[in-house]
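Raw data05.cif, mmCIF, C-alpha atoms:
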```cif
data_run
loop_
_atom_site.label_atom_id
_atom_site.label_comp_id
_atom_site.auth_asym_id
_atom_site.auth_seq_id
_atom_site.Cartn_x
_atom_site.Cartn_y
_atom_site.Cartn_z
CA MET M 253 -19.05 40.33 -0.19
CA SER M 254 -22.21 39.72 -2.05
CA LYS M 255 -24.61 37.08 -0.85
CA VAL M 256 -24.93 35.25 -4.16
CA ALA M 257 -24.35 31.54 -3.84
CA SER M 258 -23.46 31.26 -7.51
CA LEU M 259 -20.28 33.06 -6.59
CA PHE M 260 -18.99 29.73 -5.42
CA HIS M 261 -19.76 27.75 -8.55
CA PRO M 262 -16.58 26.53 -10.20
CA LYS M 263 -16.15 27.33 -13.87
CA ARG M 264 -15.95 23.65 -14.66
CA LEU M 265 -17.49 20.84 -12.71
CA ASN M 266 -14.65 19.26 -10.79
CA LEU M 267 -16.55 16.24 -9.54
CA SER M 268 -16.62 12.63 -10.52
CA GLY M 269 -18.98 9.86 -9.56
CA PHE M 270 -22.62 10.44 -8.78
CA THR M 271 -23.65 14.08 -9.14
CA ASN M 272 -26.85 15.89 -8.56
CA ILE M 273 -27.48 19.48 -7.56
CA ARG M 274 -27.16 18.71 -3.86
CA VAL M 275 -23.81 17.03 -4.33
CA ILE M 276 -22.60 19.97 -6.39
CA ARG M 277 -23.84 22.43 -3.81
CA ASP M 278 -22.09 20.57 -1.04
CA ASN M 279 -18.91 20.55 -3.08
CA ASN M 280 -19.18 24.31 -3.56
CA LYS M 281 -19.55 24.75 0.15
CA ARG M 282 -16.50 22.62 0.82
CA MET M 283 -14.39 24.71 -1.51
CA ALA M 284 -15.72 27.97 -0.07
CA VAL M 285 -14.90 26.81 3.45
CA GLU M 286 -11.44 25.77 2.44
CA GLN M 287 -10.68 29.06 0.74
CA ASN M 288 -12.05 31.30 3.47
CA GLU M 289 -10.73 29.47 6.47
CA PRO M 290 -7.75 31.81 7.19
CA GLU M 291 -9.99 34.84 7.09
CA ARG M 292 -12.57 33.29 9.36
CA GLN M 293 -9.94 32.19 11.83
CA ALA M 294 -8.34 35.66 11.86
CA LEU M 295 -11.69 37.26 12.61
CA ARG M 296 -12.50 34.68 15.27
CA TYR M 297 -9.16 35.34 16.88
CA MET M 298 -9.81 39.07 16.94
CA ILE M 299 -13.22 38.63 18.47
CA ARG M 300 -11.90 36.51 21.30
CA ASN M 301 -8.74 38.53 21.95
CA THR M 302 -9.51 40.69 24.98
CA SER M 303 -6.34 42.72 24.56
CA LEU M 304 -7.70 44.31 21.40
CA PRO M 305 -9.83 47.48 21.60
CA GLY M 306 -13.55 46.87 21.79
CA ARG M 307 -14.19 48.72 18.58
CA VAL M 308 -11.95 46.41 16.61
CA ARG M 309 -13.54 43.36 18.15
CA ALA M 310 -17.04 44.60 17.38
CA GLN M 311 -15.97 45.34 13.84
CA ALA M 312 -14.58 41.85 13.50
CA GLN M 313 -17.82 40.40 14.82
CA LEU M 314 -19.75 42.30 12.22
CA GLN M 315 -17.47 41.25 9.45
CA LEU M 316 -17.60 37.62 10.47
CA SER M 317 -21.36 37.63 10.61
CA GLN M 318 -21.50 39.19 7.18
CA MET M 319 -19.47 36.49 5.55
CA HIS M 320 -21.34 34.18 3.27
CA ALA M 321 -23.05 31.18 4.79
CA TYR M 322 -21.17 28.86 2.46
CA THR M 323 -17.90 29.76 4.17
CA ARG M 324 -19.11 28.24 7.44
CA PRO M 325 -17.65 24.83 8.16
CA THR M 326 -20.91 23.68 9.70
CA GLN M 327 -22.54 23.87 6.28
CA VAL M 328 -20.56 20.92 5.04
CA LYS M 329 -22.44 17.64 5.12
CA ASN M 330 -21.12 14.23 4.18
CA ARG M 331 -22.96 12.76 1.22
CA CYS M 332 -22.93 9.31 -0.28
CA VAL M 333 -20.58 9.16 -3.27
CA ALA M 334 -22.68 6.54 -5.01
CA SER M 335 -26.14 7.98 -4.55
CA GLY M 336 -25.83 11.50 -3.15
CA HIS M 337 -27.93 10.59 -0.14
CA ALA M 338 -27.12 12.65 2.94
CA ARG M 339 -28.36 10.37 5.68
CA SER M 340 -26.68 7.44 7.34
CA VAL M 341 -23.48 7.86 5.41
CA ILE M 342 -20.80 5.47 6.66
CA ARG M 343 -17.64 7.50 6.95
CA ASP M 344 -15.23 4.64 6.28
CA PHE M 345 -16.62 4.06 2.81
CA ARG M 346 -18.37 7.40 2.17
CA LEU M 347 -21.42 5.34 1.29
CA ASN M 348 -24.91 5.50 2.54
CA ARG M 349 -26.18 2.48 4.44
CA TYR M 350 -28.15 1.08 1.53
CA GLN M 351 -25.34 1.50 -0.98
CA PHE M 352 -22.95 0.05 1.55
CA ARG M 353 -25.08 -3.03 1.96
CA MET M 354 -25.50 -3.51 -1.78
CA GLN M 355 -21.80 -3.11 -2.52
CA ALA M 356 -20.73 -5.24 0.42
CA LEU M 357 -23.01 -8.08 -0.68
CA ALA M 358 -21.70 -7.73 -4.23
CA GLY M 359 -18.15 -7.98 -2.93
CA HIS M 360 -17.06 -4.55 -4.10
CA LEU M 361 -15.70 -3.52 -0.72
CA PRO M 362 -12.40 -5.29 -0.02
CA GLY M 363 -12.44 -7.38 3.12
CA VAL M 364 -16.05 -6.66 4.05
CA LYS M 365 -18.01 -9.82 4.73
CA LYS M 366 -21.24 -10.74 6.37
CA ALA M 367 -20.57 -11.10 10.04
CA SER M 368 -21.97 -13.56 12.49
CA TRP M 369 -20.63 -14.09 15.95
CA MET U 113 4.19 -22.22 4.88
CA PHE U 114 5.53 -24.97 2.70
CA ALA U 115 6.66 -26.95 5.69
CA HIS U 116 4.50 -30.00 5.06
CA GLN U 117 5.79 -30.45 1.52
CA THR U 118 9.45 -30.25 2.37
CA ARG U 119 10.40 -33.69 3.58
CA SER U 120 9.01 -35.52 0.63
CA LEU U 121 11.23 -33.59 -1.71
CA LEU U 122 14.52 -34.40 -0.09
CA GLY U 123 13.91 -38.02 0.67
CA ALA U 124 12.10 -39.41 -2.31
CA GLY U 125 11.74 -37.32 -5.38
CA ARG U 126 9.39 -39.82 -6.94
CA ASN U 127 6.54 -38.90 -4.65
CA PHE U 128 6.94 -35.35 -5.65
CA ARG U 129 3.99 -34.16 -7.69
CA VAL U 130 4.36 -30.40 -7.79
CA SER U 131 5.27 -29.47 -11.30
CA VAL U 132 5.68 -25.73 -11.18
CA PRO U 133 9.09 -25.21 -9.56
CA ILE U 134 10.81 -27.77 -11.75
CA ARG U 135 10.23 -25.65 -14.79
CA SER U 136 13.32 -23.64 -14.04
CA LEU U 137 15.61 -26.66 -14.07
CA SER U 138 15.98 -26.95 -17.80
CA THR U 139 14.43 -24.94 -20.51
CA PRO U 140 12.18 -27.48 -22.16
CA THR U 141 10.46 -25.72 -25.01
CA GLN U 142 12.92 -23.99 -27.25
CA PRO U 143 11.44 -23.82 -30.69
CA THR U 144 14.46 -22.12 -32.29
CA ALA U 145 17.41 -24.39 -31.72
CA PRO U 146 16.51 -27.79 -30.40
CA ALA U 147 19.34 -29.62 -32.19
CA THR U 148 22.00 -27.84 -30.17
CA THR U 149 20.40 -28.39 -26.78
CA PRO U 150 20.98 -32.06 -25.95
CA GLU U 151 24.24 -31.37 -24.13
CA THR U 152 22.93 -28.40 -22.23
CA VAL U 153 19.87 -30.25 -20.96
CA SER U 154 21.39 -31.73 -17.89
CA GLN U 155 19.63 -35.07 -17.99
CA PRO U 156 21.86 -37.95 -18.98
CA THR U 157 20.17 -40.40 -21.31
CA PRO U 158 21.05 -44.05 -20.86
CA THR U 159 20.86 -44.99 -24.56
CA PRO U 160 23.04 -42.73 -26.67
CA VAL U 161 21.73 -42.98 -30.20
CA ALA U 162 23.82 -41.36 -32.93
CA PRO U 163 22.38 -37.90 -33.37
CA VAL U 164 21.00 -37.23 -36.81
CA ALA U 165 20.71 -33.57 -37.59
CA GLU U 166 17.06 -32.78 -38.16
CA ALA U 167 16.70 -29.28 -36.95
CA ALA U 168 13.80 -28.62 -39.26
CA SER U 169 11.53 -31.32 -37.93
CA THR U 170 12.13 -30.85 -34.21
CA PRO U 171 10.50 -27.48 -33.49
CA GLU U 172 7.16 -29.23 -33.19
CA THR U 173 7.71 -29.92 -29.55
CA PRO U 174 4.62 -31.99 -28.68
CA LYS U 175 6.00 -35.01 -30.55
CA THR U 176 4.82 -38.32 -29.28
CA PRO U 177 7.58 -40.66 -28.14
CA GLU U 178 6.38 -43.37 -30.57
CA VAL U 179 8.23 -41.79 -33.53
CA PRO U 180 11.17 -44.18 -34.10
CA GLU U 181 13.53 -42.07 -36.21
CA GLN U 182 13.80 -39.32 -33.60
CA PRO U 183 16.89 -39.59 -31.45
CA LEU U 184 16.08 -39.41 -27.75
CA GLU U 185 18.22 -36.43 -26.84
CA THR U 186 16.54 -33.98 -29.16
CA ARG U 187 13.11 -34.56 -27.73
CA VAL U 188 11.83 -32.84 -24.66
CA LYS U 189 11.13 -35.48 -22.08
CA GLU U 190 7.79 -36.04 -20.53
CA TRP U 191 7.12 -34.58 -17.14
CA SER U 192 6.98 -37.96 -15.48
CA GLU U 193 10.45 -38.89 -16.75
CA ARG U 194 11.97 -35.67 -15.70
CA LEU U 195 10.37 -35.76 -12.31
CA GLY U 196 11.40 -39.37 -11.87
CA ALA U 197 15.01 -38.47 -12.51
CA LEU U 198 14.85 -35.82 -9.84
CA GLY U 199 15.46 -38.05 -6.87
CA SER U 200 18.12 -40.34 -8.31
CA GLU U 201 20.10 -38.54 -10.99
CA THR U 202 19.57 -34.87 -10.52
CA ARG U 203 18.41 -32.56 -7.83
CA LEU U 204 16.93 -29.12 -7.68
CA PRO U 205 19.22 -26.18 -7.02
CA ARG U 206 19.62 -25.56 -3.31
CA SER U 207 17.86 -22.21 -3.50
CA VAL U 208 14.86 -23.88 -5.13
CA GLN U 209 14.87 -26.69 -2.62
CA ALA U 210 14.85 -24.12 0.15
CA ILE U 211 11.43 -22.94 -0.97
CA TYR U 212 9.97 -26.21 0.25
CA MET U 213 11.52 -25.89 3.69
CA ARG U 214 11.06 -23.55 6.56
CA PRO U 215 12.72 -20.20 5.75
CA LEU U 216 16.38 -19.98 6.60
CA ARG U 217 17.44 -17.37 9.07
CA ARG U 218 20.58 -15.55 10.05
CA LYS U 219 21.53 -15.42 13.68
CA ALA U 220 21.35 -12.06 15.36
CA GLU U 221 24.58 -11.23 17.12
CA TYR U 222 23.41 -8.36 19.32
CA GLY U 223 19.65 -8.48 18.91
CA LEU U 224 19.34 -4.74 18.37
CA PRO U 225 16.07 -3.99 16.53
CA VAL U 226 16.65 -1.97 13.39
CA CYS U 227 13.44 -2.21 11.41
CA ASP U 228 9.85 -3.19 12.19
CA LEU U 229 7.81 -4.18 9.19
CA GLN U 230 4.09 -4.54 9.67
CA LEU U 231 2.09 -6.37 7.03
CA ARG U 232 -1.66 -6.00 6.86
CA SER U 233 -4.22 -7.77 4.81
CA TYR U 234 -7.79 -8.97 4.88
CA SER U 235 -6.84 -12.51 3.93
CA VAL U 236 -4.67 -14.96 5.85
CA GLU U 237 -3.08 -16.55 2.78
CA ASN U 238 -1.81 -13.30 1.37
CA VAL U 239 -0.31 -11.97 4.56
CA GLU U 240 1.25 -15.32 5.48
CA PHE U 241 2.73 -15.75 2.04
CA PHE U 242 4.20 -12.30 1.95
CA ALA U 243 5.61 -12.57 5.46
CA ASP U 244 7.32 -15.77 4.37
CA PHE U 245 8.64 -14.03 1.27
CA ALA U 246 9.97 -11.13 3.34
CA ILE U 247 11.81 -13.48 5.68
CA ARG U 248 13.42 -15.36 2.82
CA ALA U 249 14.46 -12.12 1.16
CA ALA U 250 16.01 -10.99 4.43
CA TYR U 251 18.06 -14.19 4.60
CA TYR U 252 19.63 -13.59 1.21
CA LEU U 253 20.40 -9.99 2.18
CA ASN U 254 22.22 -11.25 5.26
CA LEU U 255 19.72 -9.69 7.65
CA PRO U 256 18.84 -11.43 10.91
CA VAL U 257 15.09 -11.47 11.19
CA SER U 258 12.54 -12.44 13.80
CA GLY U 259 8.92 -13.13 13.17
CA PRO U 260 6.37 -13.26 11.73
CA VAL U 261 4.65 -12.24 14.94
CA PRO U 262 0.86 -12.34 14.61
CA LEU U 263 -0.40 -9.04 15.98
CA PRO U 264 -3.98 -8.63 17.24
CA ARG U 265 -6.58 -8.54 14.52
CA ILE U 266 -8.49 -5.34 13.88
CA VAL U 267 -12.19 -6.07 13.68
CA GLU U 268 -14.52 -3.41 12.35
CA ARG U 269 -18.23 -4.08 12.32
CA TRP U 270 -21.15 -2.27 10.79
CA THR U 271 -24.82 -2.93 11.32
CA VAL U 272 -27.27 -1.64 8.74
CA PRO U 273 -31.03 -2.05 8.37
CA ARG U 274 -31.84 -4.43 5.56
CA SER U 275 -34.44 -2.14 4.08
CA ASN U 276 -36.43 0.93 4.95
CA PHE U 277 -36.52 2.77 8.20
CA VAL U 278 -39.76 1.10 9.27
CA HIS U 279 -38.12 -2.32 9.16
CA LYS U 280 -35.48 -1.39 11.70
CA LYS U 281 -36.00 -4.72 13.42
CA SER U 282 -34.39 -6.62 10.56
CA GLN U 283 -30.74 -5.67 10.32
CA GLU U 284 -27.61 -7.09 8.82
CA ASN U 285 -24.08 -7.20 10.22
CA PHE U 286 -20.94 -6.72 8.19
CA GLU U 287 -17.38 -6.95 9.35
CA ARG U 288 -13.90 -6.39 8.07
CA ILE U 289 -11.04 -8.14 9.82
CA THR U 290 -7.56 -6.82 9.25
CA LEU U 291 -4.82 -9.35 9.92
CA ARG U 292 -1.39 -8.14 10.87
CA ARG U 293 2.05 -9.68 10.94
CA LEU U 294 5.17 -8.14 12.36
CA VAL U 295 8.59 -8.90 10.88
CA GLN U 296 11.50 -7.45 12.77
CA ILE U 297 15.03 -7.00 11.46
CA LYS U 298 17.77 -7.12 14.06
CA ASP U 299 21.18 -5.46 13.91
CA GLY U 300 21.31 -5.20 10.14
CA ASN U 301 23.21 -2.80 8.00
CA PRO U 302 20.98 0.26 7.32
CA LYS U 303 21.74 0.08 3.61
CA ALA U 304 20.81 -3.58 3.49
CA VAL U 305 17.59 -2.78 5.33
CA GLN U 306 16.76 -0.11 2.77
CA ALA U 307 17.52 -2.55 -0.04
CA TRP U 308 15.27 -5.12 1.62
CA LEU U 309 12.42 -2.63 1.94
CA ALA U 310 12.86 -1.52 -1.65
CA PHE U 311 12.82 -5.13 -2.79
CA LEU U 312 9.61 -5.78 -0.89
CA ARG U 313 8.04 -2.70 -2.38
CA LYS U 314 9.07 -3.76 -5.84
CA HIS U 315 7.51 -7.18 -5.36
CA ALA U 316 4.54 -5.96 -3.36
CA PHE U 317 1.82 -8.57 -3.16
CA TYR U 318 -1.78 -7.79 -4.01
CA GLY U 319 -3.97 -7.06 -1.05
CA VAL U 320 -1.08 -6.74 1.38
CA GLY U 321 -0.20 -3.38 2.90
CA MET U 322 3.19 -2.62 4.41
CA LYS U 323 4.33 -0.23 7.07
CA ALA U 324 7.92 0.00 8.25
CA ASN U 325 9.51 1.69 11.22
CA VAL U 326 13.23 2.08 10.72
CA TRP U 327 15.63 2.98 13.51
CA GLU U 328 19.13 4.19 13.07
CA HIS U 329 21.72 3.89 15.78
CA ASP U 330 24.67 6.15 16.34
CA SER U 331 27.79 6.05 18.46
CA LEU U 332 27.76 7.30 22.04
CA ASP U 333 29.42 10.65 21.35
CA VAL U 334 26.63 11.66 19.01
CA GLY U 335 26.24 14.89 20.99
CA LYS U 336 29.62 16.09 19.87
CA SER U 337 28.91 15.57 16.22
CA MET U 338 25.55 17.28 16.60
CA ASP U 339 27.22 20.26 18.27
CA GLU U 340 29.66 20.51 15.42
CA SER U 341 26.92 20.56 12.82
CA VAL U 342 24.95 23.35 14.53
CA ALA U 343 26.81 26.16 12.80
CA GLU U 344 26.21 24.64 9.41
CA ILE U 345 22.52 24.09 10.07
CA GLU U 346 22.07 27.63 11.32
CA LYS U 347 23.69 28.94 8.20
CA SER U 348 21.39 26.98 5.96
CA LEU U 349 18.32 27.97 7.99
CA ALA U 350 19.19 31.67 8.14
CA PRO U 351 17.24 32.74 5.04
CA LYS U 352 14.16 30.92 6.30
CA LEU U 353 14.43 32.19 9.86
CA ALA U 354 14.80 35.72 8.56
CA GLN U 355 11.22 35.51 7.29
CA PHE U 356 9.91 34.26 10.60
CA GLY U 357 7.91 36.59 12.84
CA GLN U 358 5.87 39.69 12.16
CA ARG U 359 6.50 41.78 9.14
CA LYS U 360 7.15 45.43 9.94
CA ASP U 361 5.22 46.75 6.97
CA ASN U 362 2.18 44.78 8.11
CA SER U 363 1.49 47.11 11.00
CA LEU U 364 2.24 50.34 9.20
CA GLY U 365 -0.81 52.49 9.80
CA GLN U 366 -3.33 50.20 8.17
CA SER U 367 -5.84 48.30 10.24
CA ILE U 368 -6.15 44.55 10.34
CA PHE U 369 -9.28 44.76 8.21
CA ASP U 370 -7.26 46.30 5.43
CA THR U 371 -4.94 43.35 5.70
CA LEU U 372 -7.82 40.92 5.40
CA ASP U 373 -8.97 42.69 2.26
CA SER U 374 -5.46 42.76 0.88
CA ASP U 375 -4.15 40.80 -2.05
CA ARG U 376 -2.69 38.08 0.11
CA PHE U 377 -6.13 37.02 1.29
CA ALA U 378 -7.92 37.79 -1.93
CA GLU U 379 -5.66 35.67 -4.09
CA ARG U 380 -6.36 32.66 -1.91
CA LYS U 381 -10.05 33.06 -2.39
CA ASN U 382 -9.68 33.39 -6.19
CA LEU U 383 -13.20 34.69 -6.51
#
```

What is this file in structure tokens?
Amino acid sequence: MSKVASLFHPKRLNLSGFTNIRVIRDNNKRMAVEQNEPERQALRYMIRNTSLPGRVRAQAQLQLSQMHAYTRPTQVKNRCVASGHARSVIRDFRLNRYQFRMQALAGHLPGVKKASW
Amino acid sequence: MFAHQTRSLLGAGRNFRVSVPIRSLSTPTQPTAPATTPETVSQPTPTPVAPVAEAASTPETPKTPEVPEQPLETRVKEWSERLGALGSETRLPRSVQAIYMRPLRRKAEYGLPVCDLQLRSYSVENVEFFADFAIRAAYYLNLPVSGPVPLPRIVERWTVPRSNFVHKKSQENFERITLRRLVQIKDGNPKAVQAWLAFLRKHAFYGVGMKANVWEHDSLDVGKSMDESVAEIEKSLAPKLAQFGQRKDNSLGQSIFDTLDSDRFAERKNL
């Protein structure tokens, strides 16, 4: 497999909401991970299976390490859907802390109120 | 939820100020054929004036009662008159009256739970209203019901800095409280329960989520009937089970790496 990241660009942009290059790149990574998961898992299984001959396991190791970085699940990072920010993204709303605060104060998030206790 | 309004309706209709539910009693504004309606409007008028046919002039419904040549029956009465007649001369239909009382309930004979319906919302009014609605609907479907049981609230809280990282000392708290109500159906007919659930889904209320657990009960010798159906199930599963397990042609000479490069893996990647 070649190492070109553009391999993972979709023909058409299949995203809605806020988009910038980092959001698009993250989306590409997500799709690459999803598509290559069976292959990765098969190779991982071979590497860990001690009943297989050592040659096969070494070969599997090589092949796994040669797979593209975008197919690694650790490459996926949650990003804010409203601003594309990658830090302090609240998972429940997929919003970054600033966007969350703005939208909560504006009443756009159902049921979310200012709390005091 | 209407409990505090109920007594006033039955005892003295004159104190009764709510105008909305009365609308269904008679059909007041009928612009097409007002001359034919006086008999169908079920309010007896004390002074029967000889009806003069003036179908053309009546469709203007907001006529003031000061017009002398209009016979009384053809005009739509004022709200105050109609409401005043409620206590003495007429009454609401029983089903409408029931709305102002606590919901009616059927008695459970065996008390066997059949369906658990959980309602969730962020607002008390919505979830209370819909629980009330569900209980009333269950009554008319002949389903014994218990509830609404208030389940523990789910409180989620988030704390975020008000501004930049450096101002970490100044933060803001947000919370979302999910309120839950449990409505349980006891020993009801499964079909009636399904009809009830479908009815609730059809009239789903905004901002109220629903989750239902439905249990079906069978007779004691259920094992026998299950044993009888095994052969049939095996027959229907046979084509699927035949594909289960390792394929022989998979391990024919080629290595596993060839398999990974094969069409089956490549087509998934659609690269």

Output of the PyMOL selection byres ((chain M) within 6 of (chain U)), listed as a list in words | Gln287, Gly363, Val364, Lys365, Lys366 and Ala367 of chain M

Provide the CA of Val308 in chain M to CA of Ala321 in chain M distance in Å, to one decimal place.
-> 22.2 Å

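Taking CA of Gly259 in chain U and CA of Lys298 in chain U as endpoints, the distance between them is 10.7 Å.
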
Evaluate the PyMOL selection byres ((chain M and resi 336) around 10) on the structure here and hand back the selected residues as a ChimeraX atom specification.
-> /M:269-276,330-335,337-339,341,347-348

Point-to-point distance from CA of Ala356 in chain M to CA of Arg343 in chain M, Å rounded to tenths = 14.6 Å

Please write as a ChimeraX atom specification the full residue list that the PyMOL selection byres ((chain U and resi 264) around 10) yields on this file.
-> /U:261-263,265-267,290-293
